[in-house]
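One file, run-v2.pdb, is given below (PDB, C-alpha atoms, pLDDT in the B column).
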ATOM      1  CA  MET A   1     190.991  78.006  61.438  1.00 38.00           C
ATOM      2  CA  ILE A   2     190.683  74.240  61.078  1.00 45.00           C
ATOM      3  CA  SER A   3     193.239  72.218  63.003  1.00 48.00           C
ATOM      4  CA  ASP A   4     195.515  70.001  60.940  1.00 51.00           C
ATOM      5  CA  LYS A   5     196.064  67.375  63.644  1.00 51.00           C
ATOM      6  CA  TYR A   6     193.823  64.845  61.849  1.00 50.00           C
ATOM      7  CA  PHE A   7     195.376  65.295  58.418  1.00 59.00           C
ATOM      8  CA  PHE A   8     198.152  63.159  56.946  1.00 60.00           C
ATOM      9  CA  ASP A   9     201.546  63.316  58.626  1.00 61.00           C
ATOM     10  CA  GLN A  10     204.940  63.173  56.918  1.00 64.00           C
ATOM     11  CA  LYS A  11     204.723  59.374  56.705  1.00 64.00           C
ATOM     12  CA  GLY A  12     201.364  59.480  54.936  1.00 63.00           C
ATOM     13  CA  LYS A  13     199.352  58.332  57.939  1.00 64.00           C
ATOM     14  CA  LEU A  14     196.228  59.922  59.363  1.00 61.00           C
ATOM     15  CA  ASN A  15     197.257  61.320  62.733  1.00 64.00           C
ATOM     16  CA  GLY A  16     193.796  60.799  64.193  1.00 68.00           C
ATOM     17  CA  LEU A  17     193.753  57.170  63.058  1.00 72.00           C
ATOM     18  CA  GLU A  18     196.666  56.329  65.325  1.00 72.00           C
ATOM     19  CA  ASN A  19     194.748  57.565  68.356  1.00 75.00           C
ATOM     20  CA  THR A  20     191.537  55.761  67.458  1.00 80.00           C
ATOM     21  CA  ASN A  21     193.405  52.505  66.887  1.00 80.00           C
ATOM     22  CA  LYS A  22     194.932  52.823  70.354  1.00 80.00           C
ATOM     23  CA  ALA A  23     191.440  53.122  71.838  1.00 81.00           C
ATOM     24  CA  ILE A  24     190.469  49.873  70.105  1.00 86.00           C
ATOM     25  CA  TRP A  25     193.647  47.957  70.932  1.00 83.00           C
ATOM     26  CA  ARG A  26     193.169  48.802  74.613  1.00 84.00           C
ATOM     27  CA  SER A  27     189.509  47.827  74.614  1.00 84.00           C
ATOM     28  CA  SER A  28     187.634  44.546  74.997  1.00 87.00           C
ATOM     29  CA  GLU A  29     188.725  41.726  72.717  1.00 90.00           C
ATOM     30  CA  ALA A  30     186.158  40.007  70.538  1.00 92.00           C
ATOM     31  CA  ILE A  31     186.201  36.847  68.399  1.00 93.00           C
ATOM     32  CA  GLY A  32     183.626  35.651  65.882  1.00 93.00           C
ATOM     33  CA  ILE A  33     183.480  32.318  64.023  1.00 93.00           C
ATOM     34  CA  ILE A  34     181.207  30.993  61.298  1.00 92.00           C
ATOM     35  CA  SER A  35     180.209  27.335  61.707  1.00 90.00           C
ATOM     36  CA  ARG A  36     178.138  25.061  59.522  1.00 88.00           C
ATOM     37  CA  ASP A  37     175.058  25.530  61.722  1.00 87.00           C
ATOM     38  CA  GLY A  38     175.346  29.169  62.732  1.00 90.00           C
ATOM     39  CA  ILE A  39     177.554  32.036  63.866  1.00 93.00           C
ATOM     40  CA  ILE A  40     179.127  32.518  67.276  1.00 92.00           C
ATOM     41  CA  LEU A  41     180.232  35.918  68.593  1.00 93.00           C
ATOM     42  CA  SER A  42     182.176  36.500  71.809  1.00 91.00           C
ATOM     43  CA  VAL A  43     183.539  39.529  73.612  1.00 91.00           C
ATOM     44  CA  THR A  44     185.205  40.134  76.964  1.00 88.00           C
ATOM     45  CA  ARG A  45     182.969  42.084  79.274  1.00 80.00           C
ATOM     46  CA  ASP A  46     184.029  45.637  80.109  1.00 68.00           C
ATOM     47  CA  ASN A  47     184.567  46.927  83.647  1.00 51.00           C
ATOM     48  CA  TYR A  48     181.079  48.436  83.782  1.00 41.00           C
ATOM     49  CA  SER A  49     179.464  45.038  83.321  1.00 41.00           C
ATOM     50  CA  MET A  50     181.951  43.118  85.485  1.00 41.00           C
ATOM     51  CA  SER A  51     181.479  45.502  88.416  1.00 42.00           C
ATOM     52  CA  ARG A  52     177.826  44.516  88.657  1.00 43.00           C
ATOM     53  CA  GLY A  53     178.483  40.811  88.649  1.00 44.00           C
ATOM     54  CA  ASN A  54     175.637  40.036  86.275  1.00 43.00           C
ATOM     55  CA  SER A  55     176.664  37.150  84.049  1.00 40.00           C
ATOM     56  CA  ARG A  56     174.030  38.052  81.445  1.00 41.00           C
ATOM     57  CA  LEU A  57     174.754  41.763  81.266  1.00 43.00           C
ATOM     58  CA  THR A  58     176.464  42.837  78.083  1.00 51.00           C
ATOM     59  CA  SER A  59     177.215  46.232  76.634  1.00 68.00           C
ATOM     60  CA  ARG A  60     179.099  45.225  73.476  1.00 88.00           C
ATOM     61  CA  ILE A  61     176.743  42.879  71.594  1.00 91.00           C
ATOM     62  CA  PHE A  62     173.996  44.725  69.719  1.00 92.00           C
ATOM     63  CA  LEU A  63     171.037  43.848  67.517  1.00 92.00           C
ATOM     64  CA  ILE A  64     170.965  46.361  64.650  1.00 93.00           C
ATOM     65  CA  ASP A  65     167.901  44.835  63.011  1.00 91.00           C
ATOM     66  CA  SER A  66     166.056  41.550  63.380  1.00 88.00           C
ATOM     67  CA  HIS A  67     168.566  39.900  61.018  1.00 90.00           C
ATOM     68  CA  VAL A  68     171.828  41.769  61.782  1.00 93.00           C
ATOM     69  CA  VAL A  69     173.960  41.425  64.932  1.00 94.00           C
ATOM     70  CA  CYS A  70     177.192  43.225  65.762  1.00 94.00           C
ATOM     71  CA  VAL A  71     179.966  43.195  68.347  1.00 94.00           C
ATOM     72  CA  VAL A  72     182.026  46.319  69.026  1.00 93.00           C
ATOM     73  CA  SER A  73     185.422  47.052  70.473  1.00 92.00           C
ATOM     74  CA  GLY A  74     186.503  50.562  71.353  1.00 89.00           C
ATOM     75  CA  LEU A  75     184.543  53.578  72.550  1.00 89.00           C
ATOM     76  CA  ILE A  76     180.950  52.664  73.418  1.00 90.00           C
ATOM     77  CA  PRO A  77     179.545  56.212  72.832  1.00 90.00           C
ATOM     78  CA  ASP A  78     180.969  56.145  69.295  1.00 92.00           C
ATOM     79  CA  ALA A  79     179.509  52.680  68.753  1.00 92.00           C
ATOM     80  CA  ASN A  80     176.074  53.812  69.985  1.00 93.00           C
ATOM     81  CA  PHE A  81     176.088  56.721  67.524  1.00 94.00           C
ATOM     82  CA  LEU A  82     176.925  54.478  64.548  1.00 95.00           C
ATOM     83  CA  ILE A  83     174.521  51.721  65.599  1.00 95.00           C
ATOM     84  CA  ASN A  84     171.649  54.182  66.001  1.00 95.00           C
ATOM     85  CA  HIS A  85     172.467  55.585  62.560  1.00 96.00           C
ATOM     86  CA  ALA A  86     172.376  52.067  61.072  1.00 96.00           C
ATOM     87  CA  ARG A  87     169.092  51.271  62.839  1.00 96.00           C
ATOM     88  CA  ILE A  88     167.448  54.409  61.490  1.00 96.00           C
ATOM     89  CA  GLN A  89     168.638  53.664  57.954  1.00 96.00           C
ATOM     90  CA  ALA A  90     167.360  50.086  58.270  1.00 95.00           C
ATOM     91  CA  GLN A  91     163.892  51.363  59.172  1.00 95.00           C
ATOM     92  CA  HIS A  92     163.935  53.920  56.357  1.00 96.00           C
ATOM     93  CA  TYR A  93     164.885  51.170  53.899  1.00 95.00           C
ATOM     94  CA  LYS A  94     162.029  48.992  55.156  1.00 94.00           C
ATOM     95  CA  GLN A  95     159.499  51.813  54.775  1.00 95.00           C
ATOM     96  CA  ILE A  96     160.625  52.712  51.260  1.00 95.00           C
ATOM     97  CA  PHE A  97     161.175  49.241  49.743  1.00 94.00           C
ATOM     98  CA  GLN A  98     158.842  47.193  51.960  1.00 92.00           C
ATOM     99  CA  LYS A  99     161.534  44.637  52.734  1.00 92.00           C
ATOM    100  CA  ILE A 100     164.418  44.246  55.154  1.00 93.00           C
ATOM    101  CA  ILE A 101     167.696  45.994  54.484  1.00 94.00           C
ATOM    102  CA  PRO A 102     170.461  43.734  53.079  1.00 94.00           C
ATOM    103  CA  LEU A 103     173.341  42.980  55.419  1.00 94.00           C
ATOM    104  CA  LYS A 104     175.787  44.549  52.949  1.00 94.00           C
ATOM    105  CA  LYS A 105     173.792  47.784  52.981  1.00 95.00           C
ATOM    106  CA  VAL A 106     174.000  47.963  56.776  1.00 96.00           C
ATOM    107  CA  LEU A 107     177.765  47.553  56.496  1.00 95.00           C
ATOM    108  CA  GLU A 108     177.947  50.338  53.914  1.00 95.00           C
ATOM    109  CA  GLU A 109     175.916  52.743  56.062  1.00 95.00           C
ATOM    110  CA  ILE A 110     178.361  52.330  58.955  1.00 95.00           C
ATOM    111  CA  CYS A 111     181.530  52.359  56.859  1.00 94.00           C
ATOM    112  CA  ASP A 112     180.478  55.328  54.722  1.00 94.00           C
ATOM    113  CA  LEU A 113     179.916  57.427  57.849  1.00 93.00           C
ATOM    114  CA  LYS A 114     183.252  56.301  59.280  1.00 91.00           C
ATOM    115  CA  TYR A 115     185.033  57.204  56.052  1.00 90.00           C
ATOM    116  CA  TYR A 116     183.334  60.606  55.852  1.00 90.00           C
ATOM    117  CA  PHE A 117     184.962  61.629  59.116  1.00 85.00           C
ATOM    118  CA  THR A 118     188.423  60.840  57.700  1.00 81.00           C
ATOM    119  CA  THR A 119     187.884  63.568  55.081  1.00 79.00           C
ATOM    120  CA  ARG A 120     187.310  66.333  57.630  1.00 74.00           C
ATOM    121  CA  GLY A 121     189.901  68.239  59.595  1.00 68.00           C
ATOM    122  CA  ASP A 122     187.589  69.596  62.287  1.00 70.00           C
ATOM    123  CA  THR A 123     186.323  66.284  63.722  1.00 75.00           C
ATOM    124  CA  ARG A 124     187.903  63.196  65.218  1.00 81.00           C
ATOM    125  CA  LEU A 125     187.489  59.683  63.861  1.00 85.00           C
ATOM    126  CA  PHE A 126     185.202  57.084  65.394  1.00 89.00           C
ATOM    127  CA  GLY A 127     187.241  55.091  67.895  1.00 89.00           C
ATOM    128  CA  VAL A 128     185.423  51.820  67.396  1.00 92.00           C
ATOM    129  CA  SER A 129     185.765  48.630  65.366  1.00 93.00           C
ATOM    130  CA  PHE A 130     182.829  46.387  64.453  1.00 95.00           C
ATOM    131  CA  MET A 131     182.154  42.749  63.702  1.00 95.00           C
ATOM    132  CA  ILE A 132     178.838  42.626  61.837  1.00 96.00           C
ATOM    133  CA  ALA A 133     177.242  39.198  61.419  1.00 94.00           C
ATOM    134  CA  GLY A 134     174.275  37.783  59.549  1.00 93.00           C
ATOM    135  CA  TRP A 135     173.321  36.116  56.276  1.00 91.00           C
ATOM    136  CA  ASN A 136     174.037  37.655  52.882  1.00 88.00           C
ATOM    137  CA  ASP A 137     171.900  37.735  49.738  1.00 86.00           C
ATOM    138  CA  LEU A 138     173.162  34.249  48.782  1.00 86.00           C
ATOM    139  CA  ASN A 139     171.875  32.880  52.105  1.00 87.00           C
ATOM    140  CA  ASN A 140     175.405  32.308  53.374  1.00 90.00           C
ATOM    141  CA  PRO A 141     176.497  33.220  56.912  1.00 92.00           C
ATOM    142  CA  ILE A 142     179.095  35.985  56.950  1.00 93.00           C
ATOM    143  CA  ILE A 143     181.084  38.142  59.350  1.00 94.00           C
ATOM    144  CA  TYR A 144     182.326  41.585  58.333  1.00 95.00           C
ATOM    145  CA  LYS A 145     185.073  43.395  60.217  1.00 94.00           C
ATOM    146  CA  THR A 146     185.328  47.193  60.008  1.00 93.00           C
ATOM    147  CA  ASP A 147     188.124  49.623  60.894  1.00 90.00           C
ATOM    148  CA  PRO A 148     187.780  53.250  62.133  1.00 88.00           C
ATOM    149  CA  ASP A 149     188.594  54.601  58.654  1.00 86.00           C
ATOM    150  CA  GLY A 150     185.718  52.720  57.006  1.00 89.00           C
ATOM    151  CA  ARG A 151     187.630  49.817  55.508  1.00 90.00           C
ATOM    152  CA  ASN A 152     185.981  46.406  55.814  1.00 92.00           C
ATOM    153  CA  TRP A 153     186.653  42.731  55.138  1.00 90.00           C
ATOM    154  CA  SER A 154     184.688  39.503  55.341  1.00 90.00           C
ATOM    155  CA  PHE A 155     186.017  36.549  57.339  1.00 85.00           C
ATOM    156  CA  TRP A 156     185.064  33.024  58.359  1.00 87.00           C
ATOM    157  CA  GLY A 157     186.606  33.926  61.696  1.00 89.00           C
ATOM    158  CA  ALA A 158     187.557  37.420  62.869  1.00 90.00           C
ATOM    159  CA  ALA A 159     189.094  39.134  65.884  1.00 92.00           C
ATOM    160  CA  ILE A 160     189.003  42.780  66.952  1.00 92.00           C
ATOM    161  CA  GLY A 161     190.144  44.767  69.959  1.00 90.00           C
ATOM    162  CA  TYR A 162     192.919  43.898  72.397  1.00 88.00           C
ATOM    163  CA  ASP A 163     195.316  41.192  71.130  1.00 85.00           C
ATOM    164  CA  SER A 164     193.364  40.982  67.857  1.00 87.00           C
ATOM    165  CA  LEU A 165     196.419  40.015  65.786  1.00 87.00           C
ATOM    166  CA  ILE A 166     197.301  37.178  68.165  1.00 88.00           C
ATOM    167  CA  ASN A 167     193.706  35.977  68.310  1.00 88.00           C
ATOM    168  CA  GLN A 168     193.447  36.057  64.510  1.00 88.00           C
ATOM    169  CA  ASP A 169     196.607  33.957  64.163  1.00 88.00           C
ATOM    170  CA  MET A 170     195.282  31.432  66.683  1.00 88.00           C
ATOM    171  CA  LEU A 171     192.069  31.147  64.676  1.00 87.00           C
ATOM    172  CA  TYR A 172     194.008  30.445  61.475  1.00 85.00           C
ATOM    173  CA  GLU A 173     195.859  27.587  63.180  1.00 84.00           C
ATOM    174  CA  VAL A 174     192.697  25.688  64.116  1.00 82.00           C
ATOM    175  CA  PHE A 175     190.296  26.481  61.277  1.00 74.00           C
ATOM    176  CA  ASP A 176     188.165  23.647  59.936  1.00 74.00           C
ATOM    177  CA  ILE A 177     185.379  24.206  57.431  1.00 72.00           C
ATOM    178  CA  ASP A 178     183.271  21.534  59.173  1.00 79.00           C
ATOM    179  CA  PHE A 179     183.084  23.336  62.519  1.00 83.00           C
ATOM    180  CA  ASN A 180     179.763  23.119  64.317  1.00 86.00           C
ATOM    181  CA  ILE A 181     178.599  25.540  67.015  1.00 85.00           C
ATOM    182  CA  ASN A 182     180.073  23.457  69.846  1.00 85.00           C
ATOM    183  CA  ASN A 183     183.455  23.203  68.084  1.00 86.00           C
ATOM    184  CA  ALA A 184     183.532  26.971  67.516  1.00 87.00           C
ATOM    185  CA  LEU A 185     182.640  27.750  71.122  1.00 86.00           C
ATOM    186  CA  GLY A 186     185.271  25.301  72.360  1.00 85.00           C
ATOM    187  CA  ILE A 187     187.910  27.028  70.234  1.00 87.00           C
ATOM    188  CA  ILE A 188     186.949  30.492  71.494  1.00 88.00           C
ATOM    189  CA  LEU A 189     187.003  29.394  75.118  1.00 85.00           C
ATOM    190  CA  ASP A 190     190.280  27.579  74.549  1.00 85.00           C
ATOM    191  CA  ILE A 191     191.897  30.725  73.103  1.00 87.00           C
ATOM    192  CA  PHE A 192     190.808  32.856  76.054  1.00 86.00           C
ATOM    193  CA  SER A 193     191.658  30.217  78.671  1.00 82.00           C
ATOM    194  CA  LYS A 194     195.222  29.916  77.322  1.00 82.00           C
ATOM    195  CA  LYS A 195     195.703  33.662  77.693  1.00 80.00           C
ATOM    196  CA  TYR A 196     193.920  33.968  81.041  1.00 78.00           C
ATOM    197  CA  ASN A 197     194.865  30.629  82.586  1.00 76.00           C
ATOM    198  CA  PHE A 198     194.531  31.927  86.149  1.00 61.00           C
ATOM    199  CA  TYR A 199     190.897  32.940  85.648  1.00 71.00           C
ATOM    200  CA  ASP A 200     187.587  31.323  84.800  1.00 75.00           C
ATOM    201  CA  VAL A 201     186.950  33.138  81.529  1.00 77.00           C
ATOM    202  CA  THR A 202     183.215  32.436  81.673  1.00 75.00           C
ATOM    203  CA  GLU A 203     183.094  35.068  84.437  1.00 78.00           C
ATOM    204  CA  PHE A 204     183.999  37.914  82.064  1.00 81.00           C
ATOM    205  CA  LEU A 205     183.054  36.595  78.615  1.00 85.00           C
ATOM    206  CA  ASP A 206     179.810  37.248  76.732  1.00 87.00           C
ATOM    207  CA  VAL A 207     178.957  34.714  74.035  1.00 89.00           C
ATOM    208  CA  ALA A 208     176.073  34.909  71.553  1.00 90.00           C
ATOM    209  CA  ILE A 209     174.958  32.101  69.246  1.00 90.00           C
ATOM    210  CA  ILE A 210     173.141  33.171  66.082  1.00 91.00           C
ATOM    211  CA  ARG A 211     171.096  30.868  63.878  1.00 91.00           C
ATOM    212  CA  LYS A 212     168.839  31.754  61.004  1.00 85.00           C
ATOM    213  CA  LYS A 213     165.122  31.460  61.679  1.00 80.00           C
ATOM    214  CA  ASP A 214     163.848  32.748  58.344  1.00 76.00           C
ATOM    215  CA  GLU A 215     164.632  35.492  55.842  1.00 71.00           C
ATOM    216  CA  LYS A 216     163.656  38.258  58.257  1.00 74.00           C
ATOM    217  CA  LYS A 217     164.712  36.975  61.673  1.00 78.00           C
ATOM    218  CA  LEU A 218     167.529  35.258  63.532  1.00 82.00           C
ATOM    219  CA  PHE A 219     167.610  33.069  66.599  1.00 86.00           C
ATOM    220  CA  PHE A 220     169.772  35.038  69.037  1.00 83.00           C
ATOM    221  CA  ASN A 221     170.907  33.262  72.206  1.00 84.00           C
ATOM    222  CA  LEU A 222     173.175  34.849  74.816  1.00 83.00           C
ATOM    223  CA  LEU A 223     174.822  31.997  76.723  1.00 81.00           C
ATOM    224  CA  ASN A 224     175.157  31.875  80.487  1.00 78.00           C
ATOM    225  CA  LYS A 225     178.100  30.432  82.410  1.00 76.00           C
ATOM    226  CA  LYS A 226     176.494  27.008  82.854  1.00 78.00           C
ATOM    227  CA  SER A 227     175.907  26.633  79.107  1.00 76.00           C
ATOM    228  CA  MET A 228     179.526  27.479  78.294  1.00 75.00           C
ATOM    229  CA  LEU A 229     180.916  25.125  80.933  1.00 73.00           C
ATOM    230  CA  SER A 230     178.746  22.278  79.641  1.00 74.00           C
ATOM    231  CA  ILE A 231     180.503  22.535  76.265  1.00 66.00           C
ATOM    232  CA  PHE A 232     184.034  23.218  77.435  1.00 60.00           C
ATOM    233  CA  LYS A 233     185.597  21.816  80.619  1.00 55.00           C
ATOM    234  CA  PHE A 234     188.163  24.045  82.288  1.00 46.00           C
ATOM    235  CA  LYS A 235     191.203  22.562  83.958  1.00 41.00           C
TER     236      LYS A 235
END

Mind turning this structure into structure tokens?
Amino acid sequence: MISDKYFFDQKGKLNGLENTNKAIWRSSEAIGIISRDGIILSVTRDNYSMSRGNSRLTSRIFLIDSHVVCVVSGLIPDANFLINHARIQAQHYKQIFQKIIPLKKVLEEICDLKYYFTTRGDTRLFGVSFMIAGWNDLNNPIIYKTDPDGRNWSFWGAAIGYDSLINQDMLYEVFDIDFNINNALGIILDIFSKKYNFYDVTEFLDVAIIRKKDEKKLFFNLLNKKSMLSIFKFK
């Protein structure tokens, strides 16, 4: 007999969704911002990475295809499953149509699989939220944010994971359409330094800068501590 613990409760909520959201809210926090000369993605490093003391080690920023980058917050095994699914579909698309998969199609592959698991009573939901970044068919930079139930939105600046609502509000307060990469990085570091004012946030923060090289590839640069400190001076 199929368990009903993932079906709707008396308040109309998916019981399993509450648990998956808790896994995300307790996970690493991530912020992404679109600037006029590229996209910047940041995420706090998890305990696995921090314990090894490697400033360039990251386990939450992934390259799905040569033109699509994502950041995840939540359960890494769930994220790996969905990312591998998206990578396989991207290669299938390339073999069939002889061109790279559109960013929107990558988003749909991940969100459709997430949604499918909300329709079943014998499986749990994916406990992971994504920020998927790249350039759309109109050649505009874009960041998509996805929830465990498959819903998605596009943002100029997005936050997921721990304190995501607070981080999103802080982004709204400082938004400027003329941001460049340095402005965006300064804002991200400023947000984290205000919350963790007793720590040097460059010790546990991974930051990736993404610029478009051509239609098929992106410039992907994972910053080290020295690069971040050269842009933003800590008190």

> Which residue out of A:Asn80, A:Ser227, A:Asn19, A:Gln168 has the minimum interatomic distance to Trp156 (chain A) when only C-alpha atoms are used?
Replying inline: A:Gln168

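Distance-wise, CA of Val43 (chain A) and CA of His92 (chain A) end up 29.8 Å apart.
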
Might I get the box with edges along x, y and z of the file that holds all atoms of region 191-205 of chain A listed there, padded by 5 Å on every side, given as centre and edge lengths in Å to one decimal, as JSON?
{"center_x": 189.4, "center_y": 33.9, "center_z": 79.6, "size_x": 22.6, "size_y": 18.0, "size_z": 23.0}

Taking the file as I've supplied it (selection: the PyMOL selection byres ((chain A and resi 85-91) around 10)), which residues are included? Please answer as an mmCIF file with C-alpha atoms, in the frame of the given file.
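The resulting result.cif:
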data_model
loop_
_atom_site.group_PDB
_atom_site.id
_atom_site.type_symbol
_atom_site.label_atom_id
_atom_site.label_comp_id
_atom_site.auth_asym_id
_atom_site.auth_seq_id
_atom_site.Cartn_x
_atom_site.Cartn_y
_atom_site.Cartn_z
ATOM 1 C CA LEU A 63 171.037 43.848 67.517
ATOM 2 C CA ILE A 64 170.965 46.361 64.650
ATOM 3 C CA ASP A 65 167.901 44.835 63.011
ATOM 4 C CA VAL A 68 171.828 41.769 61.782
ATOM 5 C CA ALA A 79 179.509 52.680 68.753
ATOM 6 C CA ASN A 80 176.074 53.812 69.985
ATOM 7 C CA PHE A 81 176.088 56.721 67.524
ATOM 8 C CA LEU A 82 176.925 54.478 64.548
ATOM 9 C CA ILE A 83 174.521 51.721 65.599
ATOM 10 C CA ASN A 84 171.649 54.182 66.001
ATOM 11 C CA HIS A 92 163.935 53.920 56.357
ATOM 12 C CA TYR A 93 164.885 51.170 53.899
ATOM 13 C CA LYS A 94 162.029 48.992 55.156
ATOM 14 C CA GLN A 95 159.499 51.813 54.775
ATOM 15 C CA ILE A 96 160.625 52.712 51.260
ATOM 16 C CA GLN A 98 158.842 47.193 51.960
ATOM 17 C CA LYS A 99 161.534 44.637 52.734
ATOM 18 C CA ILE A 100 164.418 44.246 55.154
ATOM 19 C CA ILE A 101 167.696 45.994 54.484
ATOM 20 C CA PRO A 102 170.461 43.734 53.079
ATOM 21 C CA LEU A 103 173.341 42.980 55.419
ATOM 22 C CA LYS A 105 173.792 47.784 52.981
ATOM 23 C CA VAL A 106 174.000 47.963 56.776
ATOM 24 C CA LEU A 107 177.765 47.553 56.496
ATOM 25 C CA GLU A 108 177.947 50.338 53.914
ATOM 26 C CA GLU A 109 175.916 52.743 56.062
ATOM 27 C CA ILE A 110 178.361 52.330 58.955
ATOM 28 C CA LEU A 113 179.916 57.427 57.849
#

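The shortest atom-to-atom distance to Asn152 (chain A), with all atoms listed in the file taken into account, belongs to A:Lys114 out of A:Ser193, A:Lys114, A:Asp200, A:Asp206.
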
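Proximity to Ala23 (chain A) at 12 Å, evaluated using all atoms listed in the file and with sequence-adjacent residues fewer than 3 positions away removed, yields Gly16, Leu17, Glu18, Asn19, Thr20, Arg26, Ser27, Ser28, Glu29, Val72, Ser73, Gly74, Leu75, Ile76, Asp78, Leu125, Phe126, Gly127, Val128, Ser129, Asp147, Pro148, Ile160, Gly161 and Tyr162 of chain A.
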
> What does the distance between CA of Lys145 (chain A) and CA of Ala184 (chain A) come to in Å, to one decimal place?
Replying inline: 18.0 Å

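You will find CA of Phe192 (chain A) at 26.8 Å from CA of Arg151 (chain A).
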
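Closest approach to Gly157 (chain A) among A:Leu41, A:Tyr196, A:Lys212, A:Tyr116 is made by A:Leu41 (distances from all atoms listed in the file).
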
>> Could you check the closest approach to Ile191 (chain A) for each of A:Asp112, A:Asp163, A:Glu215, A:Asp37 and tell me which residue wins, using only C-alpha atoms?
In response: A:Asp163

> Excluding same-chain residues fewer than 3 positions from Ile188 (chain A), what lies within 10 Å of it counting only C-alpha atoms, as JSON, numbers by chain?
Replying inline: {"A": [30, 31, 32, 33, 40, 41, 42, 43, 167, 170, 171, 182, 183, 184, 185, 191, 192, 193, 207, 232]}

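The shortest atom-to-atom distance to Phe175 (chain A), with all atoms listed in the file taken into account, belongs to A:Ile187 out of A:Thr118, A:Ile187, A:Ile210, A:Leu222.
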
> Between A:Ile166, A:Leu223, A:Ile209, A:Cys70, which is the closest to Ile132 (chain A) once you count only C-alpha atoms?
Replying inline: A:Cys70

Because some atoms of region 177-182 of chain A are absent here, can you restore all heavy atoms and send them as a PDB file, in the coordinates of the input?
ATOM      1  N   ILE A 177     186.613  23.786  58.092  1.00 72.00           N
ATOM      2  CA  ILE A 177     185.379  24.206  57.431  1.00 72.00           C
ATOM      3  C   ILE A 177     184.162  23.461  57.965  1.00 72.00           C
ATOM      4  O   ILE A 177     183.022  23.882  57.782  1.00 72.00           O
ATOM      5  CB  ILE A 177     185.513  24.003  55.898  1.00 72.00           C
ATOM      6  CG1 ILE A 177     184.435  24.815  55.163  1.00 72.00           C
ATOM      7  CG2 ILE A 177     185.449  22.517  55.544  1.00 72.00           C
ATOM      8  CD1 ILE A 177     184.632  24.865  53.674  1.00 72.00           C
ATOM      9  N   ASP A 178     184.387  22.332  58.656  1.00 79.00           N
ATOM     10  CA  ASP A 178     183.271  21.534  59.173  1.00 79.00           C
ATOM     11  C   ASP A 178     182.948  21.829  60.629  1.00 79.00           C
ATOM     12  O   ASP A 178     182.288  21.030  61.301  1.00 79.00           O
ATOM     13  CB  ASP A 178     183.580  20.037  59.017  1.00 79.00           C
ATOM     14  CG  ASP A 178     183.573  19.602  57.559  1.00 79.00           C
ATOM     15  OD1 ASP A 178     182.754  20.154  56.798  1.00 79.00           O
ATOM     16  OD2 ASP A 178     184.372  18.737  57.194  1.00 79.00           O
ATOM     17  N   PHE A 179     183.402  22.964  61.144  1.00 83.00           N
ATOM     18  CA  PHE A 179     183.084  23.336  62.519  1.00 83.00           C
ATOM     19  C   PHE A 179     181.571  23.371  62.740  1.00 83.00           C
ATOM     20  O   PHE A 179     180.826  23.868  61.900  1.00 83.00           O
ATOM     21  CB  PHE A 179     183.610  24.741  62.833  1.00 83.00           C
ATOM     22  CG  PHE A 179     185.060  24.772  63.220  1.00 83.00           C
ATOM     23  CD1 PHE A 179     185.780  25.947  63.104  1.00 83.00           C
ATOM     24  CD2 PHE A 179     185.700  23.660  63.720  1.00 83.00           C
ATOM     25  CE1 PHE A 179     187.110  26.005  63.480  1.00 83.00           C
ATOM     26  CE2 PHE A 179     187.027  23.696  64.081  1.00 83.00           C
ATOM     27  CZ  PHE A 179     187.730  24.864  63.957  1.00 83.00           C
ATOM     28  N   ASN A 180     181.127  22.837  63.887  1.00 86.00           N
ATOM     29  CA  ASN A 180     179.763  23.119  64.317  1.00 86.00           C
ATOM     30  C   ASN A 180     179.808  24.145  65.453  1.00 86.00           C
ATOM     31  O   ASN A 180     180.886  24.600  65.838  1.00 86.00           O
ATOM     32  CB  ASN A 180     179.032  21.837  64.742  1.00 86.00           C
ATOM     33  CG  ASN A 180     179.736  21.115  65.882  1.00 86.00           C
ATOM     34  OD1 ASN A 180     180.385  21.745  66.722  1.00 86.00           O
ATOM     35  ND2 ASN A 180     179.618  19.799  65.933  1.00 86.00           N
ATOM     36  N   ILE A 181     178.658  24.511  65.981  1.00 85.00           N
ATOM     37  CA  ILE A 181     178.599  25.540  67.015  1.00 85.00           C
ATOM     38  C   ILE A 181     179.431  25.155  68.236  1.00 85.00           C
ATOM     39  O   ILE A 181     180.174  25.971  68.788  1.00 85.00           O
ATOM     40  CB  ILE A 181     177.137  25.810  67.434  1.00 85.00           C
ATOM     41  CG1 ILE A 181     176.406  26.616  66.349  1.00 85.00           C
ATOM     42  CG2 ILE A 181     177.074  26.544  68.761  1.00 85.00           C
ATOM     43  CD1 ILE A 181     176.844  28.065  66.258  1.00 85.00           C
ATOM     44  N   ASN A 182     179.330  23.895  68.664  1.00 85.00           N
ATOM     45  CA  ASN A 182     180.073  23.457  69.846  1.00 85.00           C
ATOM     46  C   ASN A 182     181.575  23.514  69.614  1.00 85.00           C
ATOM     47  O   ASN A 182     182.342  23.900  70.508  1.00 85.00           O
ATOM     48  CB  ASN A 182     179.651  22.042  70.237  1.00 85.00           C
ATOM     49  CG  ASN A 182     178.250  21.999  70.817  1.00 85.00           C
ATOM     50  OD1 ASN A 182     177.637  23.035  71.039  1.00 85.00           O
ATOM     51  ND2 ASN A 182     177.758  20.808  71.067  1.00 85.00           N
TER      52      ASN A 182
END
